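Peer 1: This is the structure, below, for whatever I ask next.
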Amino acid sequence: MKGRITVLAVALLAVCMLLPAGLFAGETLDAVKKKGVVTVGVNGGLFGFGQPDETGEWKGLDVDTGRAIATAVFGDPTKVKFVPLTAVQRFTALQSGEIDVLCRNATRTLTRDTQLGLNFVTVNYYDGQAFMVAKKLGVKSAKELSGATVCVLPGTTTEQNAADFFRTNDMKWKPVVIEQTAELAKTFFAGRCDCLTSDASQLAGTRAVAPNPADYIILPEVISKEPLAPAVRHGDDQWRDIVDYAVLAMINAEELGITSANVDEMLKSGNPVIQRFLGVTEGNGAALGLDEKFAYNIVKQVGNYGEVFERNVGVNTPLGLERGLNALWTDGGLMYSPPFK
Amino acid sequence: MDQQTPTTPTEPQEKISFWHDPDRLAIFYQALALTIVVLVGYYLFSNTLTNLERQNIATGFGFFGKEAAFEIGESLISYSAADTYFRALAVGVLNTLKVAFAGIILTVILGTFVGIARLSSNWLVSRLAAVYTEVLQDIPVLLQLFFWYAIFYEVLPSPRQALNPVAGVFMSNRGLVVGVPETHPAHAWMLAAFAAGCLAVWLLRRWAVHRQEETGRIFPVFWSAVAILLVLPALAWVAGGAPTAMNVPELQGFNFEGGINISPEFSALLLGLVLYTAAFVAEIVRAGIQSVSHGQTEAAMSLGLRPGKVLQLVILPQALRVIIPPLTSQMLNLTKNSSLAVAIGYPDFVSVANTTINQTGQAIEGIALIMAVYLFFSLTTSVFMNWYNKKVKLVER
């Protein structure tokens, strides 16, 4: 792990040293087309967001977002390479150019948007940090956690939020910080910590793989705002637009009632908004430097946001998450797409 | 040089051209190489800065003074999330030093013991030592760390069911909690008395060596040293009012309060590093001892020395000059391997620096800092060991 971050930092240093200054705009798209795949940084160990299944096929909300981006560029969701990254490695991997886009439940914050040299695009999951404890501990509220030992992932906003929460409530605590998500979960389930803190969705994903999921509860307090969004490097606006509108296409499709099942019928729709969205009326694709059918391809081959959500993390999956903030704005959620025109 | 004739003073011959003068050419080439190195370095440095600036990545060490806002599990100095990054990094450095220091001492003791055991004439002892070295050398140290850590958190019970083998000692998956004496001014005096005892022992040893050389009479230095080191602090303790109050750990809420806590992460890391490195040290010690010719042992035996004395007076002084240089590199290995702590959650320097890198986004500065700190540790260890090596080097008579 440590070796990896060192390699990435050295790569970043090397890239910064050797790149002639002043390239860019369109550079990422050209490089991606030349490689023939979009390289996407994902979690690798988080059920429901980014993890390979038993057959080795990548599954998850972030993984499907990555596929949508590949579909936008190549019209083919398989032209994507997933790189599993820890929380500590992820931004360096993006800065150094090892990956083209980061879809790894990363929270958008001001410093990351500025000092880290990243740009976050549209949020693909609205989350918040919570605490999970063993039922037998008898704890009902996070305010009762004074003196607790808490398992935390390093290099995340989580570490800071937890420190802020305990400081604000004048409670003592002890963090146990382990870099690998899976190793951290194992440690927690073995009882090394009283409580595990992370984004609520991540806790649900971790609980789903517990030896006995019913033994654990997620406490009601949500102590932070965590807008999780894909991120790209500063400096290439065209690539940023492509990633942004690939995410938005999934949301817009759901708003327009277009699903992977009915998208072919919708091609015949007389609605000009749908015609423009699916590329029947041309213009959007050319503006982004993509195929006119990019949105059609995404919906057809990956699905709309609702489908992707229900398939990976929805109520019928082991995670069992409600749409909540992630419902469409018309249903009281925050998912909202600007017009595709 | 050998053609130089002392009779005629060397006279300046006819002027040699610049291209044929090896002295001047050498200077020229060196200056050229230096210029190229400096220019390339400058190019890389300035280009890095330009590119970092273009990507809007912040540079410099300005983050040192900012509030760290993250908590650290264990610390030798007081630390809270409200302290600066600089202090957080200092906590990390001290945690690394703690495990490296304890690790080196235990490794040398265990390694020497196993190395000597492997040469024992007792079949069982030597076989056991051989199995130990062969097995532990061959398993990657990271796996060993995972193994020991899992033992600590899987096998030990939760704090509410903590094992209590001796009064005031609790073992649970929160760590080993030990009761310690309540702080009292007498403790400072005891420490001072111990230091004074050490000085007295050193002087005593010098005197005893001197007397033995003069008169041949042997003074029981070892036992007098033990007596001095025990009696002096005990006297200080009695003089200070003989405080007996203990700070006994008590279960409060989730965890024990009071006493000192040795965390499972620290224990697992220390145990893993010591057992692994000691296997290498054992081989070094064995090689060192075997490098002393067997004739030396036989000669010593025929003088009537007992086996313990043979080892102490004849074999070890000669073996040490072979042992110390590779031993130094094992010490450096142990210190560097301690950075594997990230994998099992011990907040060492690399772990703290990683979090810092992530929160500030300044990977290049962070990694540079990590390299500088480890380089400093390694050089310091080397300097010390070289000094020690010189000191114990065989004085040939």
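By convention in this document, the chains of the structure tokens carry letters A, B, ... by their order, each chain's residues are numbered from 1, and ligands are numbered from 1 in the order they are shown.
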Determine, counting only C-alpha atoms, which protein, DNA and RNA residues have an atom within 6 Å of an atom of stretch 76-82 of chain A; residues of the same chain fewer than 4 positions away are not included. Present the result as a list of chain:residue names.
Peer 2: A:Val37, A:Val38, A:Thr39, A:Val40, A:Gly41, A:Arg67, A:Ala70, A:Thr71
Peer 1: Pick out the residues sitting within 10 Å of stretch 164-171 of chain A, and hand them over as a ChimeraX atom specification; count only C-alpha atoms, and ignore anything fewer than 3 positions along from it in its own chain.
Peer 2: /A:142-148,158-161,223-224 /B:69-71,80-82
Peer 1: Write out as a PyMOL selection string which residues come within 7 Å of stretch 284-296 of chain B when counting only C-alpha atoms, dropping same-chain ones fewer than 3 positions away.
Peer 2: chain B and resi 112+115-116+280-281+299-300+315-316+318-320+322-323
Peer 1: Set the cut-off to 8 Å and count only C-alpha atoms: what are the residues of chain B that reach chain A? Output as a ChimeraX atom specification.
Peer 2: /B:44-45,47-52,54-58,69-74,81,150,153-154,158,173-174,253-255,339-340,342-347,350,354-364,367
Peer 1: With N, CA and C atoms retained, write the just-selected residues as a compact mmCIF listing (two decimals), in the first residue's frame.
Peer 2:
```
# COMPACT_ATOMS: atom_id res chain seq x y z
N LEU B 44 14.36 20.30 -14.28
CA LEU B 44 13.35 19.44 -13.67
C LEU B 44 12.59 20.19 -12.58
N PHE B 45 13.35 20.92 -11.76
CA PHE B 45 12.73 21.62 -10.65
C PHE B 45 11.74 22.68 -11.15
N ASN B 47 10.39 23.00 -14.09
CA ASN B 47 9.28 22.43 -14.86
C ASN B 47 8.24 21.82 -13.93
N THR B 48 8.71 21.17 -12.84
CA THR B 48 7.78 20.62 -11.86
C THR B 48 6.90 21.72 -11.30
N LEU B 49 7.55 22.82 -10.92
CA LEU B 49 6.78 23.93 -10.34
C LEU B 49 5.76 24.46 -11.34
N THR B 50 6.19 24.63 -12.60
CA THR B 50 5.26 25.15 -13.61
C THR B 50 4.07 24.22 -13.76
N ASN B 51 4.36 22.93 -13.86
CA ASN B 51 3.27 21.98 -14.07
C ASN B 51 2.34 21.89 -12.88
N LEU B 52 2.92 21.92 -11.67
CA LEU B 52 2.07 21.89 -10.48
C LEU B 52 1.18 23.12 -10.46
N ARG B 54 0.22 24.83 -13.04
CA ARG B 54 -0.78 24.75 -14.10
C ARG B 54 -1.95 23.86 -13.66
N GLN B 55 -1.65 22.78 -12.90
CA GLN B 55 -2.73 21.92 -12.43
C GLN B 55 -3.35 22.49 -11.16
N ASN B 56 -2.89 23.65 -10.74
CA ASN B 56 -3.40 24.29 -9.53
C ASN B 56 -3.19 23.44 -8.28
N ILE B 57 -2.11 22.68 -8.25
CA ILE B 57 -1.82 21.91 -7.05
C ILE B 57 -0.94 22.79 -6.16
N ALA B 58 -1.37 22.95 -4.89
CA ALA B 58 -0.63 23.82 -3.99
C ALA B 58 0.75 23.23 -3.70
N ALA B 69 -6.79 18.66 12.38
CA ALA B 69 -8.20 18.25 12.41
C ALA B 69 -8.42 16.76 12.22
N PHE B 70 -7.42 15.94 12.52
CA PHE B 70 -7.70 14.51 12.60
C PHE B 70 -7.07 13.97 13.87
N GLU B 71 -7.61 12.87 14.34
CA GLU B 71 -7.19 12.32 15.63
C GLU B 71 -6.14 11.23 15.38
N ILE B 72 -5.26 10.98 16.34
CA ILE B 72 -4.27 9.91 16.22
C ILE B 72 -4.46 8.96 17.39
N GLY B 73 -4.45 7.68 17.11
CA GLY B 73 -4.79 6.66 18.11
C GLY B 73 -3.92 6.64 19.35
N GLU B 74 -2.60 6.74 19.17
CA GLU B 74 -1.75 6.73 20.35
C GLU B 74 -0.60 7.70 20.14
N ALA B 81 -6.97 16.85 17.93
CA ALA B 81 -7.28 17.24 16.55
C ALA B 81 -7.09 18.74 16.33
N ALA B 150 -4.17 -10.35 13.72
CA ALA B 150 -5.41 -11.13 13.78
C ALA B 150 -5.47 -11.91 15.08
N TYR B 153 -6.67 -9.45 17.80
CA TYR B 153 -8.08 -9.03 17.86
C TYR B 153 -9.07 -10.18 17.78
N GLU B 154 -8.67 -11.34 17.25
CA GLU B 154 -9.61 -12.44 17.16
C GLU B 154 -9.65 -13.26 18.45
N SER B 158 -13.50 -9.10 24.43
CA SER B 158 -13.82 -7.66 24.48
C SER B 158 -13.52 -7.14 25.89
N ASN B 173 -9.13 -7.17 23.58
CA ASN B 173 -8.77 -6.75 22.22
C ASN B 173 -8.59 -5.23 22.12
N ARG B 174 -8.65 -4.52 23.25
CA ARG B 174 -8.27 -3.11 23.26
C ARG B 174 -6.80 -2.96 23.63
N GLY B 253 -17.48 2.54 30.87
CA GLY B 253 -18.13 2.62 29.57
C GLY B 253 -17.54 1.61 28.62
N PHE B 254 -16.89 2.11 27.55
CA PHE B 254 -16.41 1.21 26.52
C PHE B 254 -15.05 0.62 26.81
N ASN B 255 -14.29 1.30 27.67
CA ASN B 255 -12.88 0.93 27.72
C ASN B 255 -12.32 1.14 29.12
N SER B 339 7.45 0.81 8.68
CA SER B 339 6.46 1.59 7.92
C SER B 339 5.34 0.70 7.40
N LEU B 340 5.47 -0.62 7.53
CA LEU B 340 4.36 -1.50 7.17
C LEU B 340 3.21 -1.35 8.16
N VAL B 342 1.10 0.86 8.46
CA VAL B 342 -0.17 1.32 7.85
C VAL B 342 -1.14 0.17 7.66
N ALA B 343 -0.60 -1.01 7.37
CA ALA B 343 -1.47 -2.14 7.04
C ALA B 343 -2.26 -2.62 8.25
N ILE B 344 -1.70 -2.43 9.45
CA ILE B 344 -2.41 -2.93 10.62
C ILE B 344 -2.80 -1.80 11.57
N GLY B 345 -2.79 -0.59 11.10
CA GLY B 345 -3.41 0.49 11.87
C GLY B 345 -2.59 1.09 12.98
N TYR B 346 -1.28 0.86 13.02
CA TYR B 346 -0.47 1.56 14.02
C TYR B 346 -0.10 2.92 13.45
N PRO B 347 -0.36 4.00 14.21
CA PRO B 347 -0.15 5.34 13.65
C PRO B 347 1.32 5.73 13.60
N VAL B 350 4.61 7.08 8.59
CA VAL B 350 4.07 6.97 7.23
C VAL B 350 2.54 7.09 7.25
N ASN B 354 0.61 9.94 5.36
CA ASN B 354 -0.37 9.61 4.33
C ASN B 354 -1.65 10.41 4.51
N THR B 355 -2.13 10.45 5.74
CA THR B 355 -3.35 11.22 6.01
C THR B 355 -3.11 12.69 5.69
N THR B 356 -1.94 13.18 6.08
CA THR B 356 -1.61 14.58 5.80
C THR B 356 -1.61 14.84 4.29
N ILE B 357 -0.99 13.93 3.55
CA ILE B 357 -0.95 14.08 2.09
C ILE B 357 -2.37 14.16 1.54
N ASN B 358 -3.23 13.32 2.05
CA ASN B 358 -4.58 13.29 1.53
C ASN B 358 -5.38 14.52 1.86
N GLN B 359 -5.20 15.03 3.07
CA GLN B 359 -5.99 16.19 3.44
C GLN B 359 -5.47 17.46 2.79
N THR B 360 -4.14 17.52 2.59
CA THR B 360 -3.59 18.73 2.00
C THR B 360 -3.41 18.57 0.49
N GLY B 361 -3.34 17.34 0.02
CA GLY B 361 -3.14 17.08 -1.41
C GLY B 361 -1.70 17.28 -1.85
N GLN B 362 -0.79 17.47 -0.90
CA GLN B 362 0.59 17.78 -1.30
C GLN B 362 1.46 16.53 -1.23
N ALA B 363 1.26 15.67 -2.24
CA ALA B 363 1.92 14.37 -2.24
C ALA B 363 3.43 14.50 -2.34
N ILE B 364 3.91 15.42 -3.17
CA ILE B 364 5.35 15.49 -3.40
C ILE B 364 6.07 15.92 -2.12
N ILE B 367 5.86 12.95 0.45
CA ILE B 367 6.77 11.83 0.20
C ILE B 367 8.22 12.26 0.45
```
Peer 1: Which of stretch 68-108 of chain B counts as alpha helix (DSSP H) under DSSP, as a PyMOL selection string please?
Peer 2: chain B and resi 85-108
Peer 1: Atoms to include: N, CA and C atoms. Write the selected residues as a PDB file, in the first residue's frame.
Peer 2:
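result-v7.pdb was written with the following content:
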```
ATOM      1  N   TYR B  85      -0.510  20.360  11.841  1.00  0.00           N
ATOM      2  CA  TYR B  85       0.042  19.247  11.088  1.00  0.00           C
ATOM      3  C   TYR B  85       1.449  18.923  11.563  1.00  0.00           C
ATOM      4  N   PHE B  86       2.201  19.976  11.910  1.00  0.00           N
ATOM      5  CA  PHE B  86       3.583  19.758  12.334  1.00  0.00           C
ATOM      6  C   PHE B  86       3.622  18.849  13.556  1.00  0.00           C
ATOM      7  N   ARG B  87       2.729  19.148  14.514  1.00  0.00           N
ATOM      8  CA  ARG B  87       2.702  18.340  15.731  1.00  0.00           C
ATOM      9  C   ARG B  87       2.222  16.920  15.414  1.00  0.00           C
ATOM     10  N   ALA B  88       1.247  16.829  14.517  1.00  0.00           N
ATOM     11  CA  ALA B  88       0.752  15.499  14.134  1.00  0.00           C
ATOM     12  C   ALA B  88       1.890  14.668  13.549  1.00  0.00           C
ATOM     13  N   LEU B  89       2.692  15.302  12.680  1.00  0.00           N
ATOM     14  CA  LEU B  89       3.814  14.583  12.071  1.00  0.00           C
ATOM     15  C   LEU B  89       4.847  14.211  13.128  1.00  0.00           C
ATOM     16  N   ALA B  90       5.045  15.105  14.104  1.00  0.00           N
ATOM     17  CA  ALA B  90       5.984  14.816  15.184  1.00  0.00           C
ATOM     18  C   ALA B  90       5.509  13.607  15.978  1.00  0.00           C
ATOM     19  N   VAL B  91       4.190  13.521  16.210  1.00  0.00           N
ATOM     20  CA  VAL B  91       3.634  12.356  16.902  1.00  0.00           C
ATOM     21  C   VAL B  91       3.967  11.091  16.116  1.00  0.00           C
ATOM     22  N   GLY B  92       3.827  11.189  14.792  1.00  0.00           N
ATOM     23  CA  GLY B  92       4.136  10.039  13.939  1.00  0.00           C
ATOM     24  C   GLY B  92       5.597   9.643  14.042  1.00  0.00           C
ATOM     25  N   VAL B  93       6.496  10.632  14.004  1.00  0.00           N
ATOM     26  CA  VAL B  93       7.934  10.343  14.109  1.00  0.00           C
ATOM     27  C   VAL B  93       8.226   9.633  15.424  1.00  0.00           C
ATOM     28  N   LEU B  94       7.642  10.153  16.517  1.00  0.00           N
ATOM     29  CA  LEU B  94       7.908   9.549  17.828  1.00  0.00           C
ATOM     30  C   LEU B  94       7.356   8.126  17.890  1.00  0.00           C
ATOM     31  N   ASN B  95       6.188   7.900  17.280  1.00  0.00           N
ATOM     32  CA  ASN B  95       5.633   6.546  17.281  1.00  0.00           C
ATOM     33  C   ASN B  95       6.544   5.588  16.524  1.00  0.00           C
ATOM     34  N   THR B  96       7.094   6.064  15.402  1.00  0.00           N
ATOM     35  CA  THR B  96       8.038   5.218  14.652  1.00  0.00           C
ATOM     36  C   THR B  96       9.277   4.935  15.492  1.00  0.00           C
ATOM     37  N   LEU B  97       9.807   5.996  16.144  1.00  0.00           N
ATOM     38  CA  LEU B  97      10.998   5.812  16.983  1.00  0.00           C
ATOM     39  C   LEU B  97      10.725   4.830  18.105  1.00  0.00           C
ATOM     40  N   LYS B  98       9.522   4.922  18.683  1.00  0.00           N
ATOM     41  CA  LYS B  98       9.171   4.051  19.799  1.00  0.00           C
ATOM     42  C   LYS B  98       9.273   2.594  19.381  1.00  0.00           C
ATOM     43  N   VAL B  99       8.629   2.279  18.241  1.00  0.00           N
ATOM     44  CA  VAL B  99       8.610   0.872  17.832  1.00  0.00           C
ATOM     45  C   VAL B  99       9.992   0.445  17.337  1.00  0.00           C
ATOM     46  N   ALA B 100      10.733   1.357  16.691  1.00  0.00           N
ATOM     47  CA  ALA B 100      12.055   0.995  16.174  1.00  0.00           C
ATOM     48  C   ALA B 100      13.031   0.760  17.326  1.00  0.00           C
ATOM     49  N   PHE B 101      12.989   1.627  18.320  1.00  0.00           N
ATOM     50  CA  PHE B 101      13.904   1.537  19.442  1.00  0.00           C
ATOM     51  C   PHE B 101      13.677   0.239  20.228  1.00  0.00           C
ATOM     52  N   ALA B 102      12.398   0.038  20.626  1.00  0.00           N
ATOM     53  CA  ALA B 102      12.077  -1.193  21.366  1.00  0.00           C
ATOM     54  C   ALA B 102      12.398  -2.407  20.502  1.00  0.00           C
ATOM     55  N   GLY B 103      12.093  -2.305  19.221  1.00  0.00           N
ATOM     56  CA  GLY B 103      12.305  -3.426  18.305  1.00  0.00           C
ATOM     57  C   GLY B 103      13.770  -3.789  18.189  1.00  0.00           C
ATOM     58  N   ILE B 104      14.637  -2.785  18.043  1.00  0.00           N
ATOM     59  CA  ILE B 104      16.066  -3.057  17.864  1.00  0.00           C
ATOM     60  C   ILE B 104      16.644  -3.742  19.094  1.00  0.00           C
ATOM     61  N   ILE B 105      16.289  -3.240  20.269  1.00  0.00           N
ATOM     62  CA  ILE B 105      16.840  -3.829  21.495  1.00  0.00           C
ATOM     63  C   ILE B 105      16.399  -5.286  21.635  1.00  0.00           C
ATOM     64  N   LEU B 106      15.088  -5.532  21.469  1.00  0.00           N
ATOM     65  CA  LEU B 106      14.586  -6.893  21.616  1.00  0.00           C
ATOM     66  C   LEU B 106      15.160  -7.815  20.546  1.00  0.00           C
ATOM     67  N   THR B 107      15.310  -7.282  19.319  1.00  0.00           N
ATOM     68  CA  THR B 107      15.835  -8.102  18.230  1.00  0.00           C
ATOM     69  C   THR B 107      17.258  -8.549  18.517  1.00  0.00           C
ATOM     70  N   VAL B 108      18.072  -7.619  18.990  1.00  0.00           N
ATOM     71  CA  VAL B 108      19.474  -7.972  19.260  1.00  0.00           C
ATOM     72  C   VAL B 108      19.544  -9.037  20.354  1.00  0.00           C
TER      73      VAL B 108
END
```
Peer 1: Skipping near chain neighbours, those fewer than 2 positions away, what residues fall within 12 Å of stretch 210-226 of chain B using only C-alpha atoms, listed as a PyMOL selection string?
Peer 2: chain B and resi 194+196-208+228-233
Peer 1: May I ask which of the residues B:Pro264, B:Pro185, B:Pro325, B:Gly240 is the closest one to B:Asn386, counting only C-alpha atoms?
Peer 2: B:Pro325
Peer 1: Identify, on the basis of only C-alpha atoms, every residue whose closest approach to A:Phe294 does not exceed 12 Å; exclude the query and any residue fewer than 2 positions from it along the same chain; express the result as a ChimeraX atom specification.
Peer 2: /A:68-77,242-243,245-250,276-280,282-292,296-302,340
Peer 1: Mind giving me the straight-line distance from atom CA of B:Gly272 to atom CA of B:Thr133 in Å, one decimal?
Peer 2: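 Going from atom CA of B:Gly272 over to atom CA of B:Thr133 covers 13.7 Å.
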Peer 1: Pick out each residue of stretch 148-211 of chain A that DSSP on the backbone tags as strand (DSSP E); I need them as number ranges by chain.
Peer 2: A: 148-152, 173-177, 195-199
